[in-house]
$ cat target-v6.txt   # compact mmCIF, C-alpha atoms and all ligand atoms
# COMPACT_ATOMS: atom_id res chain seq x y z
CA MET A 1 79.25 107.26 79.14
CA ALA A 2 79.27 103.84 80.76
CA LEU A 3 79.27 103.63 84.54
CA GLY A 4 82.89 103.08 85.58
CA LEU A 5 84.79 102.42 88.80
CA VAL A 6 88.48 102.61 89.66
CA THR A 7 89.81 102.17 93.19
CA ALA A 8 93.16 102.65 94.93
CA GLY A 9 94.45 102.10 98.44
CA GLU A 10 96.47 99.74 100.60
CA SER A 11 95.17 97.98 103.68
CA HIS A 12 97.28 100.04 106.14
CA GLY A 13 98.00 103.04 103.90
CA PRO A 14 96.53 106.49 104.58
CA ALA A 15 93.19 105.93 102.80
CA LEU A 16 91.11 104.04 100.24
CA VAL A 17 89.86 105.89 97.18
CA ALA A 18 87.16 105.22 94.57
CA ILE A 19 86.28 107.23 91.48
CA VAL A 20 82.88 106.53 89.96
CA THR A 21 82.35 107.85 86.42
CA GLY A 22 79.23 107.97 84.25
CA LEU A 23 76.64 108.81 86.91
CA PRO A 24 73.76 110.98 85.73
CA ALA A 25 73.43 114.47 87.22
CA GLY A 26 70.77 115.15 89.84
CA LEU A 27 70.97 111.82 91.69
CA PRO A 28 70.39 112.38 95.43
CA LEU A 29 72.97 110.71 97.68
CA GLU A 30 72.82 110.37 101.47
CA LYS A 31 75.98 110.13 103.56
CA ASP A 32 74.10 108.16 106.23
CA ALA A 33 73.05 105.48 103.74
CA ILE A 34 76.64 105.02 102.51
CA ASP A 35 78.01 104.94 106.08
CA ALA A 36 75.33 102.42 107.10
CA ASP A 37 76.58 99.99 104.42
CA LEU A 38 80.19 100.59 105.51
CA ARG A 39 79.17 99.62 109.06
CA ARG A 40 77.31 96.54 107.83
CA ARG A 41 80.49 95.40 106.08
CA GLN A 42 82.50 95.78 109.27
CA HIS A 43 80.18 93.98 111.62
CA GLY A 44 79.73 90.25 111.61
CA TYR A 45 80.10 87.46 114.07
CA GLY A 46 83.49 86.15 112.89
CA ARG A 47 85.34 89.43 112.41
CA SER A 48 88.58 90.58 114.04
CA PRO A 49 88.99 93.48 116.51
CA ARG A 50 90.35 95.63 113.66
CA GLN A 51 86.78 96.18 112.52
CA GLN A 52 85.91 98.00 115.75
CA LEU A 53 89.09 100.06 115.32
CA GLU A 54 88.21 101.36 111.87
CA ALA A 55 84.59 102.70 112.16
CA ASP A 56 84.54 103.53 108.46
CA GLU A 57 83.00 106.71 107.15
CA VAL A 58 82.80 108.11 103.62
CA GLU A 59 84.18 111.45 102.53
CA VAL A 60 83.29 112.91 99.13
CA LEU A 61 85.94 115.02 97.38
CA ALA A 62 84.31 115.66 94.00
CA GLY A 63 81.25 115.17 91.84
CA LEU A 64 78.61 116.09 94.45
CA ARG A 65 77.11 119.45 95.43
CA HIS A 66 74.53 119.86 98.18
CA GLY A 67 73.75 116.13 98.07
CA LEU A 68 73.12 115.91 94.31
CA THR A 69 75.51 114.40 91.75
CA LEU A 70 76.89 116.82 89.17
CA GLY A 71 77.26 114.31 86.31
CA THR A 72 81.03 114.54 86.78
CA PRO A 73 83.42 111.94 88.31
CA LEU A 74 82.45 111.19 91.90
CA ALA A 75 85.49 110.82 94.20
CA LEU A 76 84.94 108.81 97.41
CA VAL A 77 87.48 108.39 100.21
CA VAL A 78 87.45 106.03 103.21
CA SER A 79 90.33 106.72 105.61
CA ASN A 80 92.28 103.92 107.29
CA ARG A 81 92.27 104.96 110.94
CA ASP A 82 94.68 102.11 111.68
CA HIS A 83 97.25 103.96 109.51
CA ALA A 84 98.18 105.92 112.66
CA ASN A 85 100.00 102.74 113.82
CA TRP A 86 101.75 102.30 110.45
CA THR A 87 102.96 105.81 109.58
CA TRP A 88 106.61 104.67 109.32
CA GLY A 89 105.89 101.18 107.94
CA MET A 90 103.45 102.35 105.23
CA SER A 91 104.84 105.81 104.55
CA PRO A 92 104.32 106.61 100.84
CA TRP A 93 107.66 108.46 100.85
CA PRO A 94 110.98 107.19 102.24
CA PRO A 95 110.29 107.32 105.99
CA GLU A 96 112.19 109.73 108.21
CA GLY A 97 113.44 108.98 111.69
CA GLU A 98 113.90 105.69 113.51
CA PRO A 99 111.58 102.78 112.54
CA SER A 100 108.54 102.76 114.80
CA GLY A 101 105.05 101.26 114.93
CA LYS A 102 103.96 98.34 112.73
CA GLY A 103 105.25 97.14 109.36
CA THR A 104 108.91 97.97 110.01
CA LYS A 105 110.27 94.46 109.34
CA PRO A 106 109.93 92.70 105.97
CA VAL A 107 107.48 89.79 105.82
CA THR A 108 109.06 86.68 104.27
CA LEU A 109 106.62 83.90 105.30
CA PRO A 110 103.98 83.53 102.55
CA ARG A 111 100.53 82.23 103.58
CA PRO A 112 99.17 79.41 101.41
CA GLY A 113 95.91 80.66 99.88
CA HIS A 114 96.80 84.36 100.04
CA ALA A 115 98.43 86.68 97.49
CA ASP A 116 101.80 86.52 99.24
CA LEU A 117 103.82 84.11 97.11
CA ALA A 118 102.19 84.82 93.75
CA GLY A 119 102.56 88.57 94.43
CA VAL A 120 106.30 88.57 95.23
CA LEU A 121 107.06 86.29 92.27
CA LYS A 122 105.03 88.40 89.86
CA TYR A 123 106.23 91.88 90.92
CA GLY A 124 109.73 91.07 92.16
CA HIS A 125 109.11 92.25 95.73
CA ASP A 126 111.38 91.22 98.62
CA ASP A 127 108.78 92.08 101.24
CA VAL A 128 105.53 90.09 101.09
CA ARG A 129 103.79 93.16 102.59
CA ASN A 130 104.12 94.89 99.20
CA ALA A 131 101.76 92.25 97.79
CA LEU A 132 99.39 91.60 100.68
CA GLU A 133 98.57 95.25 101.39
CA ARG A 134 96.58 95.66 98.19
CA ALA A 135 95.43 92.06 97.81
CA SER A 136 93.79 92.24 101.26
CA ALA A 137 90.02 92.65 101.29
CA ARG A 138 90.31 95.91 103.25
CA HIS A 139 89.69 97.91 100.07
CA THR A 140 86.30 96.27 99.64
CA ALA A 141 85.25 99.19 101.90
CA VAL A 142 85.35 101.61 98.95
CA HIS A 143 83.65 99.05 96.73
CA VAL A 144 80.83 99.02 99.28
CA ALA A 145 80.72 102.85 99.20
CA ALA A 146 80.49 102.77 95.37
CA GLY A 147 77.82 100.06 95.66
CA ALA A 148 75.80 102.30 97.98
CA VAL A 149 75.91 105.01 95.29
CA ALA A 150 74.74 102.45 92.71
CA LYS A 151 71.91 101.43 95.05
CA ALA A 152 70.78 105.07 95.28
CA LEU A 153 70.38 105.07 91.49
CA LEU A 154 68.64 101.69 91.47
CA LYS A 155 66.23 102.89 94.17
CA GLU A 156 65.06 105.66 91.80
CA LEU A 157 64.20 102.85 89.34
CA GLY A 158 62.36 100.81 91.98
CA ILE A 159 65.15 98.21 92.19
CA ALA A 160 66.30 96.87 95.60
CA VAL A 161 69.37 94.66 96.11
CA ARG A 162 70.10 92.66 99.25
CA GLY A 163 72.83 90.20 100.16
CA SER A 164 72.74 87.73 103.03
CA PRO A 165 74.75 84.75 104.28
CA VAL A 166 73.03 81.42 103.62
CA GLU A 167 75.75 79.04 104.80
CA ILE A 168 78.78 79.35 107.12
CA GLY A 169 81.13 76.41 107.69
CA GLY A 170 78.53 74.09 106.15
CA GLU A 171 75.76 75.27 108.57
CA THR A 172 72.57 76.91 107.29
CA SER A 173 70.71 77.94 110.51
CA ASP A 174 71.63 81.16 112.39
CA GLU A 175 72.49 79.20 115.52
CA GLY A 176 74.50 76.61 113.56
CA MET A 177 76.50 79.36 111.84
CA LYS A 178 77.35 80.94 115.22
CA GLN A 179 78.31 77.63 116.76
CA ALA A 180 80.52 76.72 113.81
CA THR A 181 82.24 80.13 114.09
CA ASP A 182 82.80 79.71 117.85
CA ALA A 183 84.19 76.22 117.35
CA ALA A 184 86.58 77.37 114.60
CA ARG A 185 87.74 80.31 116.76
CA LYS A 186 88.43 77.92 119.64
CA ASP A 187 90.45 75.67 117.32
CA ARG A 188 92.29 78.75 115.94
CA ASP A 189 90.93 77.84 112.50
CA THR A 190 88.92 79.66 109.79
CA LEU A 191 85.73 79.05 107.82
CA GLY A 192 84.13 79.85 104.49
CA GLY A 193 80.52 79.93 103.38
CA VAL A 194 77.92 80.94 100.81
CA VAL A 195 76.09 84.25 100.31
CA GLU A 196 73.01 84.99 98.25
CA VAL A 197 72.17 88.31 96.57
CA VAL A 198 68.61 89.00 95.44
CA ALA A 199 67.61 91.99 93.30
CA THR A 200 63.89 92.82 93.03
CA GLY A 201 62.16 95.30 90.72
CA VAL A 202 64.63 94.67 87.88
CA PRO A 203 62.86 95.33 84.56
CA PRO A 204 63.18 92.78 81.76
CA GLY A 205 65.78 93.61 79.14
CA LEU A 206 68.96 94.48 81.07
CA GLY A 207 72.05 92.89 79.49
CA SER A 208 72.14 91.28 76.06
CA TYR A 209 72.84 88.02 74.26
CA ALA A 210 74.54 89.85 71.37
CA GLU A 211 78.09 89.20 72.66
CA LYS A 212 79.30 87.13 75.56
CA SER A 213 80.73 90.27 77.18
CA ASP A 214 77.21 91.79 77.15
CA ARG A 215 75.55 88.92 78.99
CA LEU A 216 74.33 90.08 82.39
CA ASP A 217 74.80 86.61 83.93
CA ALA A 218 78.46 86.62 82.84
CA ARG A 219 78.94 90.16 84.11
CA LEU A 220 77.42 89.39 87.51
CA ALA A 221 79.57 86.27 87.76
CA ALA A 222 82.71 88.32 87.01
CA ALA A 223 81.68 90.97 89.53
CA LEU A 224 81.27 88.31 92.24
CA MET A 225 84.35 86.28 91.28
CA GLY A 226 86.33 89.54 91.44
CA ILE A 227 85.84 89.62 95.21
CA GLN A 228 88.63 88.17 97.37
CA ALA A 229 88.14 84.53 98.44
CA VAL A 230 85.12 83.90 96.14
CA LYS A 231 85.69 80.56 94.42
CA GLY A 232 82.28 79.73 92.96
CA VAL A 233 79.26 81.58 91.55
CA GLU A 234 75.77 80.27 90.87
CA VAL A 235 72.93 81.92 88.93
CA GLY A 236 69.44 80.86 90.00
CA GLU A 237 69.40 77.17 90.83
CA GLY A 238 72.75 76.89 89.03
CA LEU A 239 74.57 73.61 89.55
CA ALA A 240 71.42 71.77 90.66
CA LEU A 241 69.88 72.37 87.21
CA ALA A 242 72.55 70.16 85.67
CA ARG A 243 71.04 67.16 87.46
CA ARG A 244 67.41 67.73 86.36
CA ARG A 245 65.31 67.09 83.29
CA GLY A 246 64.16 70.01 81.14
CA THR A 247 60.57 69.71 82.32
CA GLU A 248 61.82 70.36 85.88
CA ALA A 249 64.41 73.01 85.03
CA HIS A 250 62.66 75.95 83.34
CA ASP A 251 60.13 78.59 84.37
CA GLU A 252 56.80 78.26 82.56
CA ILE A 253 55.08 81.41 81.33
CA ASP A 254 51.48 82.32 82.13
CA PRO A 255 49.28 84.95 80.43
CA GLY A 256 50.31 88.39 81.72
CA LEU A 257 53.86 87.04 81.46
CA ALA A 258 54.01 85.81 85.07
CA ARG A 259 56.33 82.88 85.82
CA ARG A 260 55.36 79.93 88.00
CA THR A 261 58.92 79.46 89.26
CA ASN A 262 62.23 81.34 89.19
CA ARG A 263 64.77 78.59 88.71
CA ALA A 264 66.68 80.73 86.20
CA GLY A 265 67.28 83.39 88.85
CA GLY A 266 65.76 86.14 86.70
CA LEU A 267 68.19 85.69 83.79
CA GLU A 268 67.60 84.04 80.42
CA ALA A 269 70.12 84.31 77.57
CA GLY A 270 72.11 86.80 79.63
CA VAL A 271 69.12 89.15 79.78
CA SER A 272 66.98 90.01 82.83
CA ASN A 273 63.48 88.55 82.39
CA GLY A 274 61.59 90.62 84.98
CA GLU A 275 61.77 88.04 87.79
CA PRO A 276 63.98 88.68 90.84
CA ILE A 277 67.68 88.21 90.05
CA VAL A 278 69.17 85.57 92.36
CA VAL A 279 72.91 84.86 92.48
CA ARG A 280 75.12 83.06 94.99
CA ALA A 281 78.84 83.23 95.76
CA ALA A 282 80.90 80.61 97.59
CA MET A 283 83.76 81.81 99.80
CA LYS A 284 86.74 79.66 100.74
CA PRO A 285 88.02 79.61 104.36
CA LEU A 286 90.21 82.64 105.10
CA PRO A 287 93.91 81.92 104.50
CA THR A 288 95.38 83.76 107.53
CA LEU A 289 95.42 81.14 110.26
CA MET A 290 96.28 81.51 113.92
CA ARG A 291 97.50 77.91 113.56
CA PRO A 292 99.75 78.52 110.57
CA LEU A 293 100.19 76.16 107.62
CA ASP A 294 103.55 74.94 106.38
CA SER A 295 105.38 77.34 104.11
CA VAL A 296 108.90 78.48 103.20
CA ASP A 297 110.91 81.44 104.52
CA LEU A 298 111.65 83.43 101.35
CA ALA A 299 114.74 84.97 103.00
CA THR A 300 116.43 81.56 103.47
CA GLY A 301 114.50 79.07 101.30
CA ASP A 302 114.02 76.88 104.39
CA ALA A 303 110.83 75.26 105.63
CA ALA A 304 108.92 77.54 108.00
CA GLN A 305 105.43 78.32 109.25
CA ALA A 306 103.31 80.89 107.40
CA LEU A 307 102.78 84.44 108.65
CA VAL A 308 100.39 84.83 111.58
CA GLU A 309 98.54 88.17 111.54
CA ARG A 310 95.40 89.33 113.32
CA SER A 311 92.58 88.06 111.15
CA ASP A 312 88.92 87.11 110.96
CA VAL A 313 87.60 83.60 111.73
CA GLN A 314 85.14 84.02 108.89
CA ALA A 315 83.93 87.02 106.90
CA VAL A 316 80.82 85.58 105.27
CA GLU A 317 78.47 88.29 106.62
CA ALA A 318 80.92 90.91 105.34
CA LEU A 319 81.06 89.15 101.97
CA ALA A 320 77.26 89.39 101.76
CA VAL A 321 77.54 93.20 101.91
CA VAL A 322 80.46 93.31 99.46
CA ALA A 323 78.62 90.96 97.05
CA GLU A 324 75.48 93.09 97.33
CA ALA A 325 77.56 96.15 96.37
CA ALA A 326 79.16 94.32 93.42
CA VAL A 327 75.77 93.16 92.09
CA ALA A 328 74.26 96.63 92.61
CA PHE A 329 77.08 98.29 90.70
CA GLU A 330 76.77 95.89 87.75
CA LEU A 331 72.97 96.24 87.67
CA ALA A 332 73.28 100.05 87.74
CA ARG A 333 75.73 99.84 84.84
CA ALA A 334 73.34 97.63 82.86
CA ALA A 335 70.36 99.88 83.73
CA LEU A 336 72.20 102.98 82.48
CA GLU A 337 73.16 101.18 79.25
CA LYS A 338 69.45 100.57 78.61
CA LEU A 339 68.03 103.83 79.95
CA GLY A 340 71.04 106.17 80.09
CA GLY A 341 70.82 109.92 79.97
CA ASP A 342 72.86 112.82 81.32
CA SER A 343 70.38 113.67 84.06
CA LEU A 344 68.33 111.51 86.42
CA GLU A 345 65.21 113.08 84.90
CA ASP A 346 66.16 111.70 81.47
CA VAL A 347 66.86 108.25 82.95
CA LEU A 348 63.49 108.17 84.74
CA ALA A 349 61.64 109.30 81.59
CA ALA A 350 63.27 106.51 79.57
CA HIS A 351 62.39 104.00 82.31
CA ARG A 352 58.74 105.12 82.34
CA HIS A 353 58.48 104.98 78.57
CA TYR A 354 60.04 101.50 78.43
CA LEU A 355 57.73 100.03 81.10
CA GLU A 356 54.70 101.61 79.41
CA ARG A 357 55.65 100.08 76.08
CA ILE A 358 55.83 96.60 77.57
CA ALA A 359 52.65 97.01 79.65
CA SER A 360 50.55 98.43 76.79
CA ARG A 361 51.34 95.46 74.56
CA TRP A 362 51.58 92.55 76.96
CA LEU A 363 50.04 93.07 80.33
CA PRO A 364 46.30 92.57 81.03
CA ARG A 365 44.35 95.85 81.27
C1 LIG A 401 85.11 90.76 103.31
C2 LIG A 401 86.36 89.92 103.28
C3 LIG A 401 87.17 89.84 104.40
C4 LIG A 401 88.33 89.06 104.39
N1 LIG A 401 89.07 88.99 105.53
C5 LIG A 401 90.18 88.21 105.53
C6 LIG A 401 90.96 88.06 106.72
O1 LIG A 401 90.67 88.63 107.77
N2 LIG A 401 92.04 87.23 106.67
C7 LIG A 401 92.40 86.59 105.52
O2 LIG A 401 93.39 85.88 105.52
N3 LIG A 401 91.69 86.71 104.38
C8 LIG A 401 90.60 87.50 104.35
N4 LIG A 401 89.87 87.60 103.20
C9 LIG A 401 90.25 86.79 102.03
C10 LIG A 401 91.54 87.23 101.35
O3 LIG A 401 91.52 88.62 101.06
C11 LIG A 401 91.75 86.42 100.07
O4 LIG A 401 91.66 85.06 100.35
C12 LIG A 401 93.13 86.72 99.47
O5 LIG A 401 93.14 88.05 99.01
C13 LIG A 401 93.52 85.78 98.32
O6 LIG A 401 92.64 85.88 97.24
P1 LIG A 401 91.74 84.62 96.75
O7 LIG A 401 91.22 83.97 97.99
O8 LIG A 401 90.66 85.23 95.93
O9 LIG A 401 92.62 83.70 95.97
C14 LIG A 401 88.69 88.36 103.21
C15 LIG A 401 87.88 88.46 102.07
C16 LIG A 401 86.72 89.22 102.10
C17 LIG A 401 85.84 89.31 100.88
$ encode --input "target-v6.txt" --output "C-alpha cells"
Amino acid sequence: MALGLVTAGESHGPALVAIVTGLPAGLPLEKDAIDADLRRRQHGYGRSPRQQLEADEVEVLAGLRHGLTLGTPLALVVSNRDHANWTWGMSPWPPEGEPSGKGTKPVTLPRPGHADLAGVLKYGHDDVRNALERASARHTAVHVAAGAVAKALLKELGIAVRGSPVEIGGETSDEGMKQATDAARKDRDTLGGVVEVVATGVPPGLGSYAEKSDRLDARLAAALMGIQAVKGVEVGEGLALARRRGTEAHDEIDPGLARRTNRAGGLEAGVSNGEPIVVRAAMKPLPTLMRPLDSVDLATGDAAQALVERSDVQAVEALAVVAEAAVAFELARAALEKLGGDSLEDVLAAHRHYLERIASRWLPR
C-alpha cells in the first residue's frame, strides 16, 4: 500500500488531525522527536504571539503500540489551545448561549493574496471566516507531525532531511534577515523569502521516468507548491541552468560513480542519482497586513480596507520546517515504492539487497 496522508482541521477549531496510511509495522516513533519539530515550526524571528500561545504537542490515537507502528493507519492529533477563546465562534454544532469570545461576527473584508475572496465565491459562504479557517497555514502543524513520522522511517534507511531559510526579504546573511524583519515589523509590513531542503543518504533509483506522475522531481515540486504562500520551486541549480551552456550545466561522472558537482540537485530524469537532493521553495510576503490593502466590503460592495488580524511579519523559518516535512514525506513514499514491505524488517532487507547489488557491480572493491 502506498504511503498516504489525509488531514483535517480549522485554524481555530478544536484540533488538527492527520491520518497516515501505508506505514510498515515495527517502525519506532518517538513523541519527543515529533514535538521537537512542532516546536521548530512555531519558533522563528518573524512569528506572531499566537505561536507562544499554542505550544503544540502530538497525540496519537491509533496505529501505534508501545512506540512501534502496527502497520495500520496512524492517527495523529494536534490540539488548538487557542480554541478556548473561540468555543462559540468555531463551535462545530449550532452554538448555545449568548455569543462570546472571538469569531462571533462575520468577516466581510477579503485580504488580497489570501483565500478569502476566492473561497467565498467558490463555496458560496457569506462569512470569509468559513474560507480562511482551513486555508490558513495553521494546519501545517499536522503536516509537520506526519513529516516527523516520515523522517523516522528515512532515518532507518540512513536518509536525513533538513530545511533552512536561505533568504528573507532579499537578505541572505543571518543579521540581514533579522534586520529586514525588524524593519518590516516597524513599517507594519510583511516579507517573503526562500528556503532550501537538502536530503542526504538518498539511494539512487527513487522515482521513475516512466510517467510524468512518477517523476520524483515533479512530486517534490508538487509537495512544496502545495504549501501555503509558496510561489516558486527550484530543483538543484534550477533557473540558473537555463542561462548556461551544457558543458557548465551537468555533473560529470568519475569511476566509482562519484560526481564532481551536484548541479542537478540529486535528480536526473525524475530519478534520484545518489547525490544529495537539493530543492528550494520561494515564499511570497504574507497577505495579512497590519497596514491593510484596498479591498471591498462583501456586505455592501463598497470600497474598504482588508481585514486586519494578528499575523506574522514573515514565516520563512517556519516554512523551512514545513518544507522539510513535505520533502521527507514524499521521499518516504518513494522509498517505500522501491523497497516496500509490510514490516520494517522487510524494508531494511530490501534496502540492503539493493545497495549490495549496486556496490557489487559498480563500486571499487
Ligand atoms: C508556515 C506558514 C505561516 C504562515 N503564516 C501566515 C500569517 O501569519 N499570515 C498570513 O496572512 N499568511 C500566512 N501564511 C500564508 C497564507 O497561509 C497563504 O498566503 C494563504 O493561505 C493563501 O495561499 P497562497 O499564498 O498559496 O495563494 C503562512 C504560510 C506558511 C507556510
$ residues_around --input "target-v6.txt" --residues "A:Ile19" --least-positions-apart "3" --cutoff "8 Å" --atoms "only C-alpha atoms" --output "list in words"
Gly4, Leu5, Val6, Thr7, Pro73, Leu74, Ala75 and Leu76 of chain A
$ atom_distance --input "target-v6.txt" --atom1 "atom CA of A:Gly266" --atom2 "atom CA of A:Val197"
12.0 Å
$ residues_around --input "target-v6.txt" --residues "A:Gly147" --least-positions-apart "3" --cutoff "12 Å" --atoms "only C-alpha atoms" --output "compact mmCIF listing (two decimals) with C-alpha atoms, in the coordinates of the input"
# COMPACT_ATOMS: atom_id res chain seq x y z
CA LEU A 3 79.27 103.63 84.54
CA GLY A 4 82.89 103.08 85.58
CA LEU A 5 84.79 102.42 88.80
CA ALA A 18 87.16 105.22 94.57
CA ILE A 19 86.28 107.23 91.48
CA VAL A 20 82.88 106.53 89.96
CA LEU A 29 72.97 110.71 97.68
CA ALA A 33 73.05 105.48 103.74
CA ILE A 34 76.64 105.02 102.51
CA ASP A 35 78.01 104.94 106.08
CA ALA A 36 75.33 102.42 107.10
CA ASP A 37 76.58 99.99 104.42
CA LEU A 38 80.19 100.59 105.51
CA ARG A 41 80.49 95.40 106.08
CA LEU A 76 84.94 108.81 97.41
CA THR A 140 86.30 96.27 99.64
CA ALA A 141 85.25 99.19 101.90
CA VAL A 142 85.35 101.61 98.95
CA HIS A 143 83.65 99.05 96.73
CA VAL A 144 80.83 99.02 99.28
CA ALA A 150 74.74 102.45 92.71
CA LYS A 151 71.91 101.43 95.05
CA ALA A 152 70.78 105.07 95.28
CA LEU A 153 70.38 105.07 91.49
CA LEU A 154 68.64 101.69 91.47
CA ALA A 160 66.30 96.87 95.60
CA VAL A 161 69.37 94.66 96.11
CA ARG A 162 70.10 92.66 99.25
CA GLY A 163 72.83 90.20 100.16
CA ALA A 223 81.68 90.97 89.53
CA VAL A 321 77.54 93.20 101.91
CA VAL A 322 80.46 93.31 99.46
CA ALA A 323 78.62 90.96 97.05
CA GLU A 324 75.48 93.09 97.33
CA ALA A 325 77.56 96.15 96.37
CA ALA A 326 79.16 94.32 93.42
CA VAL A 327 75.77 93.16 92.09
CA ALA A 328 74.26 96.63 92.61
CA PHE A 329 77.08 98.29 90.70
CA GLU A 330 76.77 95.89 87.75
CA LEU A 331 72.97 96.24 87.67
CA ALA A 332 73.28 100.05 87.74
CA ARG A 333 75.73 99.84 84.84
$ atom_distance --input "target-v6.txt" --atom1 "atom CA of A:Thr69" --atom2 "atom CA of A:Leu344"
9.4 Å
$ closest_residue --input "target-v6.txt" --among "A:Asp32, A:Glu345, A:Glu57, A:Asp312" --to "ligand LIG 401 (chain A)" --atoms "only C-alpha atoms and all ligand atoms"
A:Asp312
$ residues_near_point --input "target-v6.txt" --point "(94.4, 94.9, 109.6)" --cutoff "8 Å" --atoms "all atoms listed in the file" --output "MDAnalysis selection string"
chainID A and resid 11:12 50 82 138 310:311
$ write_last_selection --input "target-v6.txt" --atoms "C-alpha atoms" --output "compact mmCIF listing (two decimals), in the frame of the given file"
# COMPACT_ATOMS: atom_id res chain seq x y z
CA SER A 11 95.17 97.98 103.68
CA HIS A 12 97.28 100.04 106.14
CA ARG A 50 90.35 95.63 113.66
CA ASP A 82 94.68 102.11 111.68
CA ARG A 138 90.31 95.91 103.25
CA ARG A 310 95.40 89.33 113.32
CA SER A 311 92.58 88.06 111.15
$ residues_near_ligand --input "target-v6.txt" --ligand "ligand LIG 401 (chain A)" --cutoff "8 Å" --atoms "all atoms listed in the file" --output "PyMOL selection string"
chain A and resi 41+47-48+113-115+132+135-138+140+225-231+283-289+310-319+322
$ axis_aligned_box --input "target-v6.txt" --around "stretch 255-269 of chain A" --padding-each-side "4 Å" --output "AutoDock Vina command-line options"
--center_x 59.7 --center_y 83.5 --center_z 83.4 --size_x 28.8 --size_y 17.8 --size_z 19.7
$ closest_residue --input "target-v6.txt" --among "A:Ser272, A:Ser173, A:Ser79, A:Gln305" --to "A:Ala334" --atoms "all atoms listed in the file"
A:Ser272
$ atom_distance --input "target-v6.txt" --atom1 "atom CA of A:Gly22" --atom2 "atom CA of A:Glu211"
22.1 Å
$ closest_residue --input "target-v6.txt" --among "A:Gly274, A:Pro28, A:Gly236, A:Gly176" --to "A:Ala221" --atoms "all atoms listed in the file"
A:Gly236
$ residues_around --input "target-v6.txt" --residues "A:Pro204" --least-positions-apart "2" --cutoff "8 Å" --atoms "all atoms listed in the file" --output "list in words"
Val202, Leu206, Val271, Ser272, Asn273, Gly274 and Glu275 of chain A
$ closest_residue --input "target-v6.txt" --among "A:Ala15, A:Leu307, A:Ala84, A:Ala25" --to "A:Leu70" --atoms "all atoms listed in the file"
A:Ala25
$ closest_residue --input "target-v6.txt" --among "A:Tyr45, A:Tyr209, A:Trp88, A:Trp362" --to "A:Asp254" --atoms "only C-alpha atoms"
A:Trp362
$ closest_residue --input "target-v6.txt" --among "A:Val60, A:Met1, A:Trp93, A:Arg259" --to "A:Glu337" --atoms "all atoms listed in the file"
A:Met1
$ residues_near_point --input "target-v6.txt" --point "(67.3, 82.4, 85.9)" --cutoff "8 Å" --atoms "all atoms listed in the file" --output "VMD selection string"
chain A and resid 235 to 237 262 to 268 277 to 278
